>>> print(open('my_file.pdb').read())   # PDB, C-alpha atoms
ATOM      1  CA  MET A  14      -0.358 -32.486   6.448
ATOM      2  CA  SER A  15       1.499 -30.761   3.640
ATOM      3  CA  LYS A  16       5.168 -31.572   3.098
ATOM      4  CA  ARG A  17       5.741 -28.268   1.304
ATOM      5  CA  ALA A  18       7.948 -25.701   3.066
ATOM      6  CA  PRO A  19       6.000 -22.754   4.501
ATOM      7  CA  LYS A  20       5.831 -19.693   2.284
ATOM      8  CA  GLY A  21       8.477 -17.184   3.248
ATOM      9  CA  GLU A  22       7.882 -13.534   3.932
ATOM     10  CA  TYR A  23       9.811 -12.668   0.737
ATOM     11  CA  ILE A  24       9.506 -13.731  -2.878
ATOM     12  CA  GLU A  25      13.027 -14.293  -4.209
ATOM     13  CA  THR A  26      13.552 -13.907  -7.961
ATOM     14  CA  ASP A  27      16.124 -15.589 -10.213
ATOM     15  CA  THR A  28      18.210 -12.395 -10.205
ATOM     16  CA  GLY A  29      18.321 -12.334  -6.394
ATOM     17  CA  ASN A  30      15.692  -9.668  -5.754
ATOM     18  CA  LYS A  31      13.876 -10.123  -2.424
ATOM     19  CA  VAL A  32      10.362  -8.674  -2.575
ATOM     20  CA  ALA A  33       8.177  -8.791   0.547
ATOM     21  CA  ARG A  34       4.787 -10.366  -0.010
ATOM     22  CA  LYS A  35       3.317  -7.387   1.880
ATOM     23  CA  ALA A  36       4.868  -4.824  -0.503
ATOM     24  CA  THR A  37       2.611  -3.157  -3.074
ATOM     25  CA  LEU A  38       3.982  -3.019  -6.603
ATOM     26  CA  VAL A  39       1.442  -1.522  -9.004
ATOM     27  CA  GLY A  40       2.066  -1.946 -12.735
ATOM     28  CA  THR A  41       4.828  -4.533 -12.295
ATOM     29  CA  GLN A  42       5.399  -4.780 -16.054
ATOM     30  CA  ASN A  43       6.733  -1.172 -15.905
ATOM     31  CA  ILE A  44       9.101  -1.729 -12.946
ATOM     32  CA  MET A  45      12.683  -2.841 -13.686
ATOM     33  CA  LEU A  46      14.778  -4.350 -10.881
ATOM     34  CA  GLY A  47      18.519  -4.673 -11.541
ATOM     35  CA  GLY A  48      19.012  -7.626  -9.190
ATOM     36  CA  LYS A  49      19.888  -8.229  -5.525
ATOM     37  CA  THR A  50      17.401  -5.526  -4.482
ATOM     38  CA  VAL A  51      15.414  -5.765  -1.221
ATOM     39  CA  ILE A  52      11.851  -4.438  -1.108
ATOM     40  CA  GLN A  53      10.520  -4.597   2.472
ATOM     41  CA  PRO A  54       6.861  -4.880   3.590
ATOM     42  CA  GLU A  55       4.573  -1.855   3.118
ATOM     43  CA  VAL A  56       6.755  -0.437   0.314
ATOM     44  CA  MET A  57       4.733   1.079  -2.551
ATOM     45  CA  ILE A  58       6.164   1.315  -6.077
ATOM     46  CA  ARG A  59       3.902   3.011  -8.610
ATOM     47  CA  GLY A  60       4.734   1.399 -11.951
ATOM     48  CA  ASP A  61       1.267   2.291 -13.213
ATOM     49  CA  LEU A  62       2.255   5.957 -13.524
ATOM     50  CA  ILE A  63       3.756   5.725 -16.993
ATOM     51  CA  ARG A  64       4.449   8.168 -19.761
ATOM     52  CA  THR A  65       1.165   8.658 -21.579
ATOM     53  CA  ILE A  66       2.660  10.606 -24.470
ATOM     54  CA  GLN A  67       5.449   9.000 -26.467
ATOM     55  CA  ALA A  68       7.774  11.100 -28.630
ATOM     56  CA  SER A  69       6.705   8.759 -31.401
ATOM     57  CA  SER A  70       4.446   5.809 -30.698
ATOM     58  CA  GLN A  71       6.677   3.472 -32.705
ATOM     59  CA  SER A  72      10.411   3.958 -33.088
ATOM     60  CA  ALA A  73      12.042   3.769 -36.522
ATOM     61  CA  SER A  74      12.888   0.093 -35.935
ATOM     62  CA  GLY A  75       9.216  -0.676 -35.307
ATOM     63  CA  ALA A  76       9.871  -1.729 -31.701
ATOM     64  CA  ALA A  77       7.284  -0.965 -29.048
ATOM     65  CA  PRO A  78       7.968   2.143 -26.947
ATOM     66  CA  ASN A  79       9.794   1.747 -23.637
ATOM     67  CA  ASN A  80       7.253   2.119 -20.822
ATOM     68  CA  THR A  81       9.581   1.660 -17.846
ATOM     69  CA  ALA A  82       8.144   3.847 -15.075
ATOM     70  CA  VAL A  83      10.591   2.924 -12.278
ATOM     71  CA  SER A  84      14.072   1.544 -12.870
ATOM     72  CA  ILE A  85      16.045   0.318  -9.821
ATOM     73  CA  GLY A  86      19.709  -0.746  -9.942
ATOM     74  CA  ARG A  87      21.540  -3.541  -8.107
ATOM     75  CA  TYR A  88      21.856  -3.886  -4.310
ATOM     76  CA  CYS A  89      19.182  -1.307  -3.511
ATOM     77  CA  PHE A  90      17.297  -1.458  -0.205
ATOM     78  CA  LEU A  91      13.790  -0.012   0.106
ATOM     79  CA  SER A  92      12.811   0.173   3.791
ATOM     80  CA  ARG A  93       9.360  -0.437   5.232
ATOM     81  CA  GLY A  94       6.725   2.128   4.300
ATOM     82  CA  SER A  95       8.753   3.919   1.615
ATOM     83  CA  CYS A  96       7.122   4.971  -1.660
ATOM     84  CA  LEU A  97       8.591   5.405  -5.156
ATOM     85  CA  ARG A  98       6.511   7.465  -7.590
ATOM     86  CA  PRO A  99       7.585   8.668 -11.024
ATOM     87  CA  PRO A 100       7.488  12.482 -11.339
ATOM     88  CA  GLY A 101       4.756  14.012 -13.494
ATOM     89  CA  ARG A 102       4.273  17.263 -15.404
ATOM     90  CA  LEU A 103       2.449  18.926 -18.258
ATOM     91  CA  TYR A 104       4.079  17.990 -21.553
ATOM     92  CA  LYS A 105       2.737  19.197 -24.915
ATOM     93  CA  GLY A 106      -0.536  20.209 -23.291
ATOM     94  CA  ALA A 107      -1.200  16.938 -21.467
ATOM     95  CA  PHE A 108      -0.193  15.654 -18.032
ATOM     96  CA  THR A 109       2.267  12.768 -18.226
ATOM     97  CA  TYR A 110       4.787  10.936 -16.040
ATOM     98  CA  MET A 111       8.522  10.666 -16.635
ATOM     99  CA  PRO A 112      10.583   7.640 -15.545
ATOM    100  CA  LEU A 113      12.228   7.469 -12.101
ATOM    101  CA  ARG A 114      15.749   6.024 -12.436
ATOM    102  CA  MET A 115      17.694   4.772  -9.424
ATOM    103  CA  GLY A 116      21.325   3.612  -9.543
ATOM    104  CA  ASP A 117      23.118   0.840  -7.624
ATOM    105  CA  HIS A 118      23.587   0.618  -3.824
ATOM    106  CA  VAL A 119      20.780   3.055  -2.968
ATOM    107  CA  PHE A 120      19.324   2.832   0.555
ATOM    108  CA  VAL A 121      15.865   4.342   1.080
ATOM    109  CA  GLY A 122      14.890   4.842   4.747
ATOM    110  CA  GLN A 123      11.600   4.041   6.423
ATOM    111  CA  GLY A 124       8.600   6.129   5.373
ATOM    112  CA  SER A 125      10.432   8.118   2.676
ATOM    113  CA  VAL A 126       8.620   9.317  -0.448
ATOM    114  CA  ILE A 127      10.683   9.610  -3.631
ATOM    115  CA  GLN A 128       9.556  11.423  -6.776
ATOM    116  CA  ALA A 129      13.006  12.179  -8.192
ATOM    117  CA  ALA A 130      13.909  12.028 -11.868
ATOM    118  CA  ALA A 131      17.275  10.386 -11.157
ATOM    119  CA  ILE A 132      19.185   9.022  -8.171
ATOM    120  CA  GLY A 133      22.823   8.091  -8.691
ATOM    121  CA  ASN A 134      24.884   5.228  -7.271
ATOM    122  CA  HIS A 135      25.812   4.794  -3.587
ATOM    123  CA  VAL A 136      23.121   7.104  -2.182
ATOM    124  CA  HIS A 137      21.806   6.880   1.400
ATOM    125  CA  ILE A 138      18.356   8.394   1.938
ATOM    126  CA  GLY A 139      17.315   8.580   5.597
ATOM    127  CA  ALA A 140      13.920   7.922   7.203
ATOM    128  CA  LYS A 141      10.894  10.135   6.547
ATOM    129  CA  VAL A 142      12.609  11.992   3.685
ATOM    130  CA  ALA A 143      10.533  13.628   0.947
ATOM    131  CA  ILE A 144      12.237  14.027  -2.419
ATOM    132  CA  GLY A 145      10.317  16.373  -4.714
ATOM    133  CA  GLU A 146       9.478  15.867  -8.354
ATOM    134  CA  PHE A 147      12.317  15.927 -10.899
ATOM    135  CA  ALA A 148      15.046  16.249  -8.251
ATOM    136  CA  ILE A 149      18.398  14.845  -9.379
ATOM    137  CA  ILE A 150      20.678  13.245  -6.814
ATOM    138  CA  LYS A 151      24.218  12.453  -7.955
ATOM    139  CA  ASP A 152      26.564   9.680  -6.681
ATOM    140  CA  TYR A 153      27.752   9.244  -3.049
ATOM    141  CA  VAL A 154      25.115  11.478  -1.466
ATOM    142  CA  ARG A 155      23.783  11.155   2.101
ATOM    143  CA  ILE A 156      20.356  12.674   2.823
ATOM    144  CA  LEU A 157      19.683  12.839   6.569
ATOM    145  CA  ASP A 158      16.406  11.808   8.270
ATOM    146  CA  GLY A 159      13.435  14.145   7.865
ATOM    147  CA  THR A 160      14.943  16.133   4.981
ATOM    148  CA  VAL A 161      12.626  17.691   2.390
ATOM    149  CA  VAL A 162      14.299  17.973  -1.019
ATOM    150  CA  PRO A 163      12.369  20.530  -3.098
ATOM    151  CA  PRO A 164      11.287  19.753  -6.678
ATOM    152  CA  ASN A 165      13.952  20.188  -9.393
ATOM    153  CA  MET A 166      16.836  20.430  -6.881
ATOM    154  CA  VAL A 167      20.154  18.978  -8.068
ATOM    155  CA  ILE A 168      22.343  17.553  -5.286
ATOM    156  CA  PRO A 169      26.008  17.245  -6.324
ATOM    157  CA  SER A 170      28.138  14.135  -5.695
ATOM    158  CA  PHE A 171      29.752  13.627  -2.252
ATOM    159  CA  SER A 172      27.203  15.905  -0.530
ATOM    160  CA  ILE A 173      25.494  15.574   2.839
ATOM    161  CA  VAL A 174      22.144  17.379   2.907
ATOM    162  CA  ALA A 175      19.560  18.046   5.620
ATOM    163  CA  GLY A 176      16.782  20.453   6.463
ATOM    164  CA  GLN A 177      13.359  21.542   5.297
ATOM    165  CA  PRO A 178      14.021  22.632   2.569
ATOM    166  CA  ALA A 179      17.201  20.624   2.025
ATOM    167  CA  ARG A 180      20.539  22.397   2.007
ATOM    168  CA  LEU A 181      24.133  21.276   1.828
ATOM    169  CA  ILE A 182      25.556  20.769   5.333
ATOM    170  CA  GLY A 183      28.746  18.852   4.592
ATOM    171  CA  GLU A 184      30.717  16.538   2.357
ATOM    172  CA  VAL A 185      31.199  12.778   2.420
ATOM    173  CA  PRO A 186      34.801  12.383   3.667
ATOM    174  CA  GLU A 187      37.464  10.793   1.515
ATOM    175  CA  GLY A 188      37.566   7.085   2.245
ATOM    176  CA  GLY A 189      34.001   7.183   3.591
ATOM    177  CA  HIS A 190      32.633   5.476   0.507
ATOM    178  CA  GLU A 191      32.491   1.964   2.025
ATOM    179  CA  ALA A 192      29.594   3.119   4.211
ATOM    180  CA  PHE A 193      27.418   3.136   1.062
ATOM    181  CA  GLU A 194      28.062  -0.551   0.296
ATOM    182  CA  LEU A 195      24.839  -2.577   0.698
ATOM    183  CA  ARG A 196      25.990  -6.159  -0.074
ATOM    184  CA  SER A 197      26.192  -7.188   3.607
ATOM    185  CA  LEU A 198      22.791  -5.593   4.420
ATOM    186  CA  TYR A 199      21.264  -7.539   1.510
ATOM    187  CA  LYS A 200      22.334 -10.833   3.117
ATOM    188  CA  THR A 201      20.544 -10.016   6.412
ATOM    189  CA  VAL A 202      17.092 -10.013   4.766
ATOM    190  CA  GLY A 203      14.988 -12.706   3.186
ATOM    191  CA  ASN A 204      13.671 -16.154   3.905
ATOM    192  CA  ASN A 205      17.076 -17.506   5.125
ATOM    193  CA  PRO A 206      18.826 -14.372   6.419
ATOM    194  CA  HIS A 207      22.445 -14.378   7.530
ATOM    195  CA  PRO A 208      23.242 -12.465  10.739
ATOM    196  CA  ALA A 209      24.785  -9.054  10.240
ATOM    197  CA  PRO A 210      28.583  -9.062  10.580
ATOM    198  CA  SER A 211      29.721  -7.467  13.837
TER     199      SER A 211
END
>>> encode(input="my_file.pdb", output="structure tokens")
Amino acid sequence: MSKRAPKGEYIETDTGNKVARKATLVGTQNIMLGGKTVIQPEVMIRGDLIRTIQASSQSASGAAPNNTAVSIGRYCFLSRGSCLRPPGRLYKGAFTYMPLRMGDHVFVGQGSVIQAAAIGNHVHIGAKVAIGEFAIIKDYVRILDGTVVPPNMVIPSFSIVAGQPARLIGEVPEGGHEAFELRSLYKTVGNNPHPAPS
């Protein structure tokens, strides 16, 4: 009998990221995780969809071009079945992908598909949300379940949006910013989870 501890459901990195063994990360060398991020089972992150055309293949310093396809900040939570895909478009006559950048404390609900250009800090995205290509979501935004954010839409800070297509239905109240904090949720997941505070 082996004395080794059983493999956990999550791989935990040195920077505190918790990645489910049943998550699918394609092109991992092009995915940047800021630390303390949770990636649940059945999550798909498409790091293989990278920019095929560089402004200049080598920068003036001679360094290799930056091929980050998906950049995720600290304390982000990607729920089961969600998908992150960099947005793509025709650029100088060829189809290419642009990077998807996500800030800190971003919660992505179950079954949501994200193709935004940028998502700010402290954003809550509900379940089964579709965010179209090149959408920009600013800080402290709440997107309700089932919302469809059309391509190129810009959602201002402190907004609550819902609908198909998405429209502004309210504002995040003053003092309601603690609801976006994901540190305690982070602790409830992993190989040795702590119970959620009541």
>>> resolve_selection(input="my_file.pdb", expression="the PyMOL selection byres ((chain A and resi 157-159) around 6)", output="count of residues only")
7
>>> resolve_selection(input="my_file.pdb", expression="the PyMOL selection byres ((chain A and resi 143) around 7)", output="NGL selection string")
:A and (125-127 or 141-142 or 144-145 or 160-162)
>>> write_last_selection(input="my_file.pdb", atoms="C-alpha atoms", output="tab-separated table (two decimals), keeping the file's coordinate frame")
chain	number	residue	atom	x	y	z
A	125	SER	CA	10.43	8.12	2.68
A	126	VAL	CA	8.62	9.32	-0.45
A	127	ILE	CA	10.68	9.61	-3.63
A	141	LYS	CA	10.89	10.14	6.55
A	142	VAL	CA	12.61	11.99	3.68
A	144	ILE	CA	12.24	14.03	-2.42
A	145	GLY	CA	10.32	16.37	-4.71
A	160	THR	CA	14.94	16.13	4.98
A	161	VAL	CA	12.63	17.69	2.39
A	162	VAL	CA	14.30	17.97	-1.02
>>> closest_residue(input="my_file.pdb", among="A:Gly86, A:Gly183, A:Gly124, A:Pro100", to="Pro112 in chain A", atoms="only C-alpha atoms")
A:Pro100
>>> atom_distance(input="my_file.pdb", atom1="CA of Arg155 in chain A", atom2="CA of Glu191 in chain A")
12.7 Å
>>> atom_distance(input="my_file.pdb", atom1="CA of Leu113 in chain A", atom2="CA of Thr37 in chain A")
16.9 Å
>>> atom_distance(input="my_file.pdb", atom1="CA of Pro54 in chain A", atom2="CA of Glu25 in chain A")
13.7 Å
